[in-house]
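J.: File upload28.txt follows (compact mmCIF, C-alpha atoms):
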```
# COMPACT_ATOMS: atom_id res chain seq x y z
CA ASP A 1 -6.02 -44.97 21.23
CA GLY A 2 -7.06 -41.37 20.60
CA MET A 3 -10.49 -40.89 19.04
CA TRP A 4 -10.95 -44.66 18.69
CA ASP A 5 -11.43 -45.22 22.44
CA GLY A 6 -14.70 -45.12 24.31
CA GLY A 7 -17.02 -47.08 22.06
CA TYR A 8 -18.08 -44.09 19.99
CA GLU A 9 -18.95 -44.18 16.32
CA VAL A 10 -15.88 -44.66 14.12
CA PRO A 11 -14.59 -41.13 13.31
CA ASP A 12 -14.32 -39.98 9.72
CA SER A 13 -12.21 -37.27 8.05
CA TYR A 14 -14.69 -34.53 8.93
CA THR A 15 -14.74 -35.52 12.59
CA TYR A 16 -10.95 -35.37 12.68
CA SER A 17 -10.99 -31.89 11.09
CA VAL A 18 -13.35 -30.60 13.76
CA ALA A 19 -11.25 -32.16 16.50
CA ALA A 20 -7.97 -30.79 15.12
CA ALA A 21 -9.47 -27.31 14.82
CA ALA A 22 -10.68 -27.38 18.42
CA ILE A 23 -7.36 -28.68 19.74
CA GLY A 24 -5.46 -26.11 17.70
CA GLU A 25 -7.61 -23.25 19.00
CA SER A 26 -6.79 -24.37 22.54
CA GLY A 27 -3.06 -23.94 21.83
CA ARG A 28 -2.02 -27.59 21.36
CA PRO A 29 -0.75 -27.79 17.75
CA GLN A 30 1.39 -30.90 18.35
CA GLU A 31 -1.66 -32.84 19.51
CA ALA A 32 -3.60 -31.59 16.49
CA GLU A 33 -0.90 -32.90 14.17
CA GLU A 34 -0.80 -36.24 15.94
CA LEU A 35 -4.38 -36.76 14.74
CA LEU A 36 -3.02 -37.00 11.17
CA THR A 37 -0.83 -39.92 12.23
CA GLU A 38 -3.79 -41.57 13.96
CA MET A 39 -5.89 -41.20 10.82
CA ARG A 40 -3.27 -42.94 8.69
CA GLU A 41 -2.88 -45.75 11.22
CA HIS A 42 -6.63 -46.45 11.04
CA GLY A 43 -6.97 -46.00 7.29
CA VAL A 44 -9.01 -42.80 7.48
CA PRO A 45 -8.35 -40.62 4.38
CA VAL A 46 -6.38 -37.45 5.19
CA THR A 47 -8.05 -34.64 3.28
CA LEU A 48 -7.22 -31.01 2.58
CA SER A 49 -9.60 -30.00 5.35
CA ASN A 50 -7.57 -32.04 7.84
CA TYR A 51 -4.33 -30.42 6.74
CA ASN A 52 -5.89 -26.95 6.89
CA ALA A 53 -6.95 -27.49 10.49
CA VAL A 54 -3.46 -28.59 11.54
CA ILE A 55 -1.73 -25.85 9.51
CA ARG A 56 -3.95 -23.30 11.23
CA ALA A 57 -3.06 -24.80 14.60
CA TRP A 58 0.67 -24.34 13.98
CA ALA A 59 0.14 -20.89 12.44
CA ILE A 60 -1.79 -19.72 15.50
CA SER A 61 1.15 -20.77 17.64
CA GLY A 62 3.48 -18.73 15.41
CA ASN A 63 5.66 -21.70 14.50
CA MET A 64 6.93 -20.87 11.00
CA THR A 65 8.99 -24.06 10.62
CA ALA A 66 6.08 -26.39 11.42
CA THR A 67 3.66 -24.40 9.28
CA GLU A 68 5.92 -24.55 6.23
CA ARG A 69 6.67 -28.23 6.85
CA LEU A 70 2.93 -29.04 6.80
CA LEU A 71 2.46 -26.97 3.63
CA ASP A 72 5.22 -28.94 1.92
CA GLU A 73 3.79 -32.23 3.15
CA LEU A 74 0.33 -31.31 1.93
CA GLN A 75 1.61 -30.62 -1.57
CA SER A 76 3.71 -33.79 -1.56
CA GLN A 77 0.41 -35.66 -1.11
CA ASN A 78 -0.84 -34.09 -4.37
CA LEU A 79 -3.33 -31.93 -2.49
CA GLN A 80 -3.87 -28.45 -3.90
CA PRO A 81 -3.97 -25.67 -1.25
CA ASP A 82 -7.18 -23.66 -1.25
CA ALA A 83 -8.11 -20.22 0.09
CA GLY A 84 -8.50 -21.74 3.56
CA THR A 85 -4.95 -23.11 3.45
CA TYR A 86 -3.46 -19.78 2.44
CA THR A 87 -5.54 -17.80 4.91
CA ALA A 88 -4.43 -20.07 7.74
CA ALA A 89 -0.74 -20.11 6.82
CA VAL A 90 0.12 -16.75 5.29
CA LEU A 91 0.88 -14.96 8.58
CA ALA A 92 3.14 -17.69 9.91
CA VAL A 93 5.39 -18.39 6.92
CA SER A 94 8.50 -16.54 5.76
CA THR A 95 8.16 -13.27 3.88
CA GLU A 96 9.34 -14.81 0.64
CA ARG A 97 6.87 -17.65 0.89
CA ALA A 98 4.01 -15.32 1.84
CA VAL A 99 4.61 -13.24 -1.28
CA ARG A 100 4.83 -16.41 -3.37
CA MET A 101 1.56 -17.63 -1.87
CA LEU A 102 -0.16 -14.38 -2.79
CA GLN A 103 1.06 -14.81 -6.35
CA GLU A 104 -0.22 -18.39 -6.45
CA MET A 105 -3.61 -17.27 -5.18
CA MET A 106 -3.86 -14.65 -7.90
CA GLU A 107 -2.97 -17.20 -10.56
CA LEU A 108 -5.61 -19.58 -9.21
CA GLY A 109 -8.25 -16.87 -8.89
CA MET A 110 -8.47 -17.27 -5.11
CA THR A 111 -9.25 -14.52 -2.62
CA LEU A 112 -7.46 -14.20 0.69
CA ASP A 113 -9.57 -13.24 3.66
CA TRP A 114 -9.30 -9.43 3.92
CA LYS A 115 -8.45 -9.55 7.62
CA ALA A 116 -5.57 -11.93 6.97
CA LEU A 117 -4.33 -9.77 4.11
CA ARG A 118 -4.53 -6.64 6.24
CA ALA A 119 -2.59 -8.38 9.00
CA LEU A 120 -0.03 -9.58 6.46
CA ILE A 121 0.54 -6.03 5.21
CA GLY A 122 0.95 -4.89 8.80
CA ALA A 123 3.46 -7.66 9.45
CA PHE A 124 5.51 -6.63 6.42
CA LEU A 125 5.53 -3.01 7.57
CA ALA A 126 6.50 -3.94 11.12
CA GLY A 127 9.44 -5.86 9.70
CA GLY A 128 10.54 -2.96 7.53
CA GLN A 129 9.66 -4.87 4.37
CA HIS A 130 8.08 -1.97 2.49
CA SER A 131 8.36 -3.50 -0.96
CA GLN A 132 6.51 -6.63 0.16
CA ALA A 133 3.85 -4.53 1.92
CA LEU A 134 3.25 -2.54 -1.25
CA GLN A 135 3.18 -5.72 -3.32
CA ALA A 136 0.59 -7.26 -1.00
CA LEU A 137 -1.49 -4.07 -1.08
CA LEU A 138 -1.52 -3.87 -4.87
CA ARG A 139 -2.23 -7.57 -5.20
CA SER A 140 -5.16 -7.24 -2.82
CA GLU A 141 -6.62 -4.76 -5.31
CA ASN A 142 -6.08 -7.25 -8.13
CA MET A 143 -7.97 -9.78 -6.03
CA GLY A 144 -10.87 -7.33 -5.81
CA GLN A 145 -10.33 -6.63 -2.11
CA TRP A 146 -10.09 -2.92 -1.31
CA GLN A 147 -8.30 -2.12 1.93
CA ASP A 148 -9.35 0.71 4.24
CA VAL A 149 -7.73 4.12 3.85
CA ASP A 150 -5.63 3.57 6.98
CA VAL A 151 -3.90 0.60 5.34
CA TYR A 152 -2.86 2.76 2.38
CA THR A 153 -1.71 5.58 4.64
CA SER A 154 0.33 3.13 6.74
CA VAL A 155 2.11 1.84 3.64
CA ILE A 156 2.76 5.39 2.38
CA ASP A 157 4.02 6.57 5.77
CA SER A 158 6.34 3.58 6.22
CA CYS A 159 7.78 3.89 2.71
CA LEU A 160 8.40 7.61 3.21
CA ALA A 161 10.05 7.00 6.58
CA ALA A 162 12.42 4.58 4.81
CA GLU A 163 12.92 7.12 1.99
CA SER A 164 11.45 4.62 -0.45
CA TYR A 165 9.89 7.42 -2.47
CA ASP A 166 8.94 5.47 -5.59
CA GLN A 167 7.10 2.85 -3.55
CA ALA A 168 5.40 5.52 -1.43
CA PHE A 169 4.21 7.26 -4.59
CA GLN A 170 2.87 4.01 -6.02
CA ALA A 171 0.80 3.49 -2.88
CA TYR A 172 -0.31 7.13 -3.04
CA GLN A 173 -1.50 6.75 -6.63
CA ALA A 174 -3.35 3.55 -5.72
CA LEU A 175 -5.12 5.41 -2.90
CA LEU A 176 -6.09 8.29 -5.19
CA ALA A 177 -7.57 5.84 -7.69
CA LYS A 178 -9.96 4.61 -5.00
CA LYS A 179 -11.47 8.12 -4.70
CA ARG A 180 -11.74 7.72 -0.94
CA ARG A 181 -11.98 10.62 1.52
CA VAL A 182 -8.53 11.35 2.96
CA ASP A 183 -7.70 13.89 5.66
CA PRO A 184 -5.96 16.90 4.03
CA GLN A 185 -3.35 16.77 6.78
CA GLU A 186 -2.19 13.43 5.40
CA PHE A 187 -1.58 15.03 2.00
CA GLN A 188 0.29 17.91 3.64
CA LYS A 189 2.49 15.47 5.56
CA TRP A 190 3.26 13.44 2.44
CA TYR A 191 3.95 16.60 0.44
CA ARG A 192 6.49 17.69 3.04
CA SER A 193 8.26 14.32 2.97
CA PHE A 194 8.52 14.27 -0.82
CA TYR A 195 9.58 17.92 -0.97
CA ASP A 196 12.22 17.62 1.74
CA GLY A 197 13.46 14.44 0.08
CA GLY A 198 14.09 16.29 -3.16
CA GLU A 199 11.29 14.47 -4.99
CA LEU A 200 9.86 17.70 -6.34
CA GLU A 201 7.68 16.32 -9.13
CA LYS A 202 6.06 13.86 -6.73
CA ALA A 203 5.64 16.67 -4.18
CA MET A 204 3.83 18.76 -6.77
CA GLU A 205 1.45 15.88 -7.52
CA VAL A 206 0.71 15.38 -3.83
CA PHE A 207 0.16 19.11 -3.38
CA SER A 208 -2.52 18.91 -6.08
CA GLY A 209 -4.10 16.14 -4.04
CA TYR A 210 -3.93 18.35 -0.95
CA LEU A 211 -5.85 21.09 -2.74
CA SER A 212 -8.41 18.63 -4.11
CA ALA A 213 -8.96 17.29 -0.59
CA GLY A 214 -9.80 20.79 0.61
CA GLY A 215 -6.48 21.59 2.28
CA SER A 216 -6.25 25.21 3.37
CA ALA A 217 -3.48 25.46 5.96
CA ASP A 218 -0.42 27.61 5.22
CA LEU A 219 -1.33 27.89 1.55
CA ASN A 220 0.72 31.00 0.75
CA ASN A 221 3.97 29.40 1.88
CA LEU A 222 3.10 26.04 0.31
CA PHE A 223 2.32 27.63 -3.04
CA LYS A 224 5.63 29.50 -2.94
CA GLU A 225 7.44 26.21 -2.39
CA VAL A 226 5.52 24.49 -5.16
CA MET A 227 6.14 27.32 -7.60
CA ALA A 228 9.85 27.16 -6.76
CA ALA A 229 9.67 23.40 -7.43
CA CYS A 230 8.07 24.08 -10.83
CA ASP A 231 11.00 26.38 -11.59
CA GLU A 232 13.50 23.79 -10.36
CA VAL A 233 12.18 21.02 -12.60
CA GLY A 234 11.20 23.30 -15.47
CA ASP A 235 7.49 22.44 -15.40
CA GLY A 236 5.90 25.52 -16.93
CA LEU A 237 2.49 23.94 -17.47
CA SER A 238 2.14 23.07 -13.78
CA ALA A 239 3.37 26.55 -12.86
CA VAL A 240 0.62 28.14 -14.97
CA ARG A 241 -1.95 25.80 -13.41
CA PHE A 242 -0.85 26.58 -9.86
CA LEU A 243 -0.72 30.29 -10.59
CA SER A 244 -4.30 30.15 -11.84
CA LYS A 245 -5.31 28.23 -8.70
CA MET A 246 -3.75 30.90 -6.47
CA LYS A 247 -5.77 33.61 -8.21
CA GLU A 248 -8.91 31.52 -7.95
CA MET A 249 -8.34 31.17 -4.19
CA HIS A 250 -7.57 34.91 -3.85
CA LEU A 251 -4.10 34.28 -2.48
CA LYS A 252 -1.35 36.88 -2.59
CA LEU A 253 0.86 36.67 -5.68
CA ASP A 254 4.20 38.32 -4.99
CA THR A 255 7.42 38.76 -6.92
CA GLN A 256 8.79 35.34 -5.87
CA VAL A 257 5.70 33.49 -7.07
CA TYR A 258 5.51 35.30 -10.39
CA MET A 259 9.22 35.00 -11.14
CA SER A 260 9.20 31.27 -10.37
CA ALA A 261 6.29 30.83 -12.76
CA MET A 262 7.98 32.91 -15.47
CA SER A 263 11.23 30.98 -15.16
CA ALA A 264 9.43 27.62 -15.35
CA CYS A 265 7.56 28.75 -18.48
CA GLU A 266 10.76 30.10 -20.00
CA GLN A 267 12.42 26.68 -19.66
CA ARG A 268 9.57 25.13 -21.68
CA ASP A 269 9.56 27.95 -24.25
CA LEU A 270 6.06 28.96 -23.20
CA TRP A 271 6.67 32.55 -24.27
CA PRO A 272 3.01 33.58 -24.60
CA GLU A 273 2.60 32.62 -20.93
CA VAL A 274 5.76 34.51 -19.99
CA LEU A 275 4.45 37.65 -21.66
CA ARG A 276 1.02 37.21 -20.06
CA ILE A 277 2.60 36.92 -16.60
CA MET A 278 4.74 40.00 -17.22
CA ARG A 279 1.67 42.05 -18.17
CA GLU A 280 -0.22 40.70 -15.16
CA MET A 281 2.62 41.70 -12.85
CA GLU A 282 2.70 45.17 -14.35
CA ALA A 283 -1.06 45.57 -14.01
CA SER A 284 -0.94 44.39 -10.39
CA GLY A 285 1.99 46.66 -9.50
CA VAL A 286 4.24 43.70 -8.58
CA ARG A 287 7.94 44.44 -8.98
CA MET A 288 9.85 42.32 -11.49
CA GLU A 289 13.35 41.04 -10.78
CA SER A 290 15.93 41.85 -13.41
CA GLY A 291 18.00 39.34 -15.33
CA ARG A 292 15.50 36.47 -15.19
CA ILE A 293 14.16 36.46 -18.74
CA ALA A 294 16.43 34.90 -21.34
CA LYS A 295 14.67 36.19 -24.47
```
Can you dump the structure from the file as structure tokens?
T.:
Amino acid sequence: DGMWDGGYEVPDSYTYSVAAAAIGESGRPQEAEELLTEMREHGVPVTLSNYNAVIRAWAISGNMTATERLLDELQSQNLQPDAGTYTAAVLAVSTERAVRMLQEMMELGMTLDWKALRALIGAFLAGGQHSQALQALLRSENMGQWQDVDVYTSVIDSCLAAESYDQAFQAYQALLAKKRRVDPQEFQKWYRSFYDGGELEKAMEVFSGYLSAGGSADLNNLFKEVMAACDEVGDGLSAVRFLSKMKEMHLKLDTQVYMSAMSACEQRDLWPEVLRIMREMEASGVRMESGRIAK
């Protein structure tokens, strides 16, 4: 008769929790769940700890149906899931339920184990669920759990690969806010994806991050692209800023760079800057294209 055989001391709820955990770890979730039935038959109170052990057993086995069934049963017994419940179950339930569980944890002020949260984000990304991955990442911040840089870069890369530019940029901004050290090559890669995707304003922001991170590869060509982007979107202020940065870095300023900057300033009616650039070109002996200045 299960744990009641052998003349041992009558088991209590804690003993059953330990037994269920051990059985579950050995890959026998059905046997772990059968202990709940045995407890009821012998009048032993079934506690949250008992349910957590069995939920973990089914979650380890990857059985989503059984995991969710136990979660529902637990709540039907008026037991409130705790951080241990969510940590055990979150990787084995459906995407929708996992996101809902994260929301519930936030509302209850609970913190999910960082390893489980990291694995959850990875699972979302592997399934192509970029929005859910971003949501989990941002919620982990709200829970006070900062993920490693590689988690942020994985979310950004996956969103960019799916051309989910707004979500990629959200993850990028979250990473910048952490003030962590990021390889300049990552910024260059992200810049290229945004630029080639026609997200010029986002590309310009990422290029600024590239410079701040100490990026130095192919700067002349990158600056030409960024200045052309400033012209395209009519961002004269950014054009002036990038032009100043080029001079600070002693990069070559040619006709294309200057004319892009002038056109961007012209679109914002920054005429003092236009005149300053014209004088600078003249003083530097850089040829000016005709027909570009409207006033």
J.: Between atom CA of Leu243 of chain A and atom CA of Gln188 of chain A, measure the distance and give it in Å to one decimal.
T.: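 Value for the atom CA of Leu243 of chain A-atom CA of Gln188 of chain A distance: 18.9 Å.
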J.: In terms of the shortest atom-to-atom distance over only C-alpha atoms, which of A:Ala161, A:Thr85, A:Met259, A:Met39 is closest to Arg287 of chain A?
T.: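 For Arg287 of chain A, the nearest of the candidates is A:Met259.
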J.: Which residue out of A:Ile60, A:Leu117, A:Phe124, A:Tyr258 has the minimum interatomic distance to Ser244 of chain A when all atoms listed in the file are used?
T.: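 Going through A:Ile60, A:Leu117, A:Phe124, A:Tyr258 one by one, the smallest distance to Ser244 of chain A is for A:Tyr258.
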J.: With all atoms listed in the file as the atoms that count, which of A:Glu104, A:Glu33, A:Asp150, A:Glu38 lies nearest to Arg69 of chain A?
T.: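 Of A:Glu104, A:Glu33, A:Asp150, A:Glu38, the one nearest Arg69 of chain A is A:Glu33, counting all atoms listed in the file.
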J.: Return the single residue from A:Ala116, A:Ala261, A:Met204, A:Leu70 that is closest to Gly84 of chain A, with distances computed using all atoms listed in the file.
T.: A:Ala116
J.: List the spatial neighbours of segment 10-25 of chain A as an mmCIF file with C-alpha atoms, keeping the file's coordinate frame - criterion: any atom at most 8 Å away, all atoms listed in the file, same-chain residues fewer than 4 positions off excluded.
T.:
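Output file result34.cif follows:
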```cif
data_model
loop_
_atom_site.group_PDB
_atom_site.id
_atom_site.type_symbol
_atom_site.label_atom_id
_atom_site.label_comp_id
_atom_site.auth_asym_id
_atom_site.auth_seq_id
_atom_site.Cartn_x
_atom_site.Cartn_y
_atom_site.Cartn_z
ATOM 1 C CA MET A 3 -10.490 -40.890 19.040
ATOM 2 C CA TRP A 4 -10.950 -44.660 18.690
ATOM 3 C CA PRO A 29 -0.750 -27.790 17.750
ATOM 4 C CA GLU A 31 -1.660 -32.840 19.510
ATOM 5 C CA ALA A 32 -3.600 -31.590 16.490
ATOM 6 C CA GLU A 33 -0.900 -32.900 14.170
ATOM 7 C CA LEU A 35 -4.380 -36.760 14.740
ATOM 8 C CA MET A 39 -5.890 -41.200 10.820
ATOM 9 C CA VAL A 44 -9.010 -42.800 7.480
ATOM 10 C CA PRO A 45 -8.350 -40.620 4.380
ATOM 11 C CA VAL A 46 -6.380 -37.450 5.190
ATOM 12 C CA THR A 47 -8.050 -34.640 3.280
ATOM 13 C CA SER A 49 -9.600 -30.000 5.350
ATOM 14 C CA ASN A 50 -7.570 -32.040 7.840
ATOM 15 C CA ALA A 53 -6.950 -27.490 10.490
ATOM 16 C CA VAL A 54 -3.460 -28.590 11.540
ATOM 17 C CA ARG A 56 -3.950 -23.300 11.230
ATOM 18 C CA ALA A 57 -3.060 -24.800 14.600
ATOM 19 C CA TRP A 58 0.670 -24.340 13.980
ATOM 20 C CA ILE A 60 -1.790 -19.720 15.500
#
```
J.: I'd like the neighbourhood of Phe169 of chain A as a list in words, where a residue qualifies if any of its atoms comes within 9 Å (using only C-alpha atoms), though same-chain residues fewer than 5 positions away should be ignored.
T.: Ile156, Cys159, Leu160, Ser164, Ala174, Lys202 and Val206 of chain A
J.: Could you jot down the atom CA of Gly122 of chain A to atom CA of Glu68 of chain A separation for me, Å, one decimal place?
T.: 20.4 Å
J.: When you draw a straight line from atom CA of Glu141 of chain A to atom CA of Ala171 of chain A, how long is it in Å?
T.: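 Separating atom CA of Glu141 of chain A from atom CA of Ala171 of chain A is a distance of 11.4 Å.
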J.: Pick the closest to Ala162 of chain A from A:Lys115, A:Arg181, A:His130, A:Arg139: which is it, counting only C-alpha atoms?
T.: A:His130
J.: Taking 4 positions as the minimum chain separation for residues in the same chain, which residues sit within 12 Å of Pro184 of chain A when counting all atoms listed in the file? Answer as number ranges by chain.
T.: A: 180, 188-191, 206-217
J.: Between A:Leu138, A:Leu275, A:Val226, A:Leu237, which has the minimum distance to Tyr152 of chain A (counting all atoms listed in the file)?
T.: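 Under the stated criterion, the closest residue is A:Leu138.
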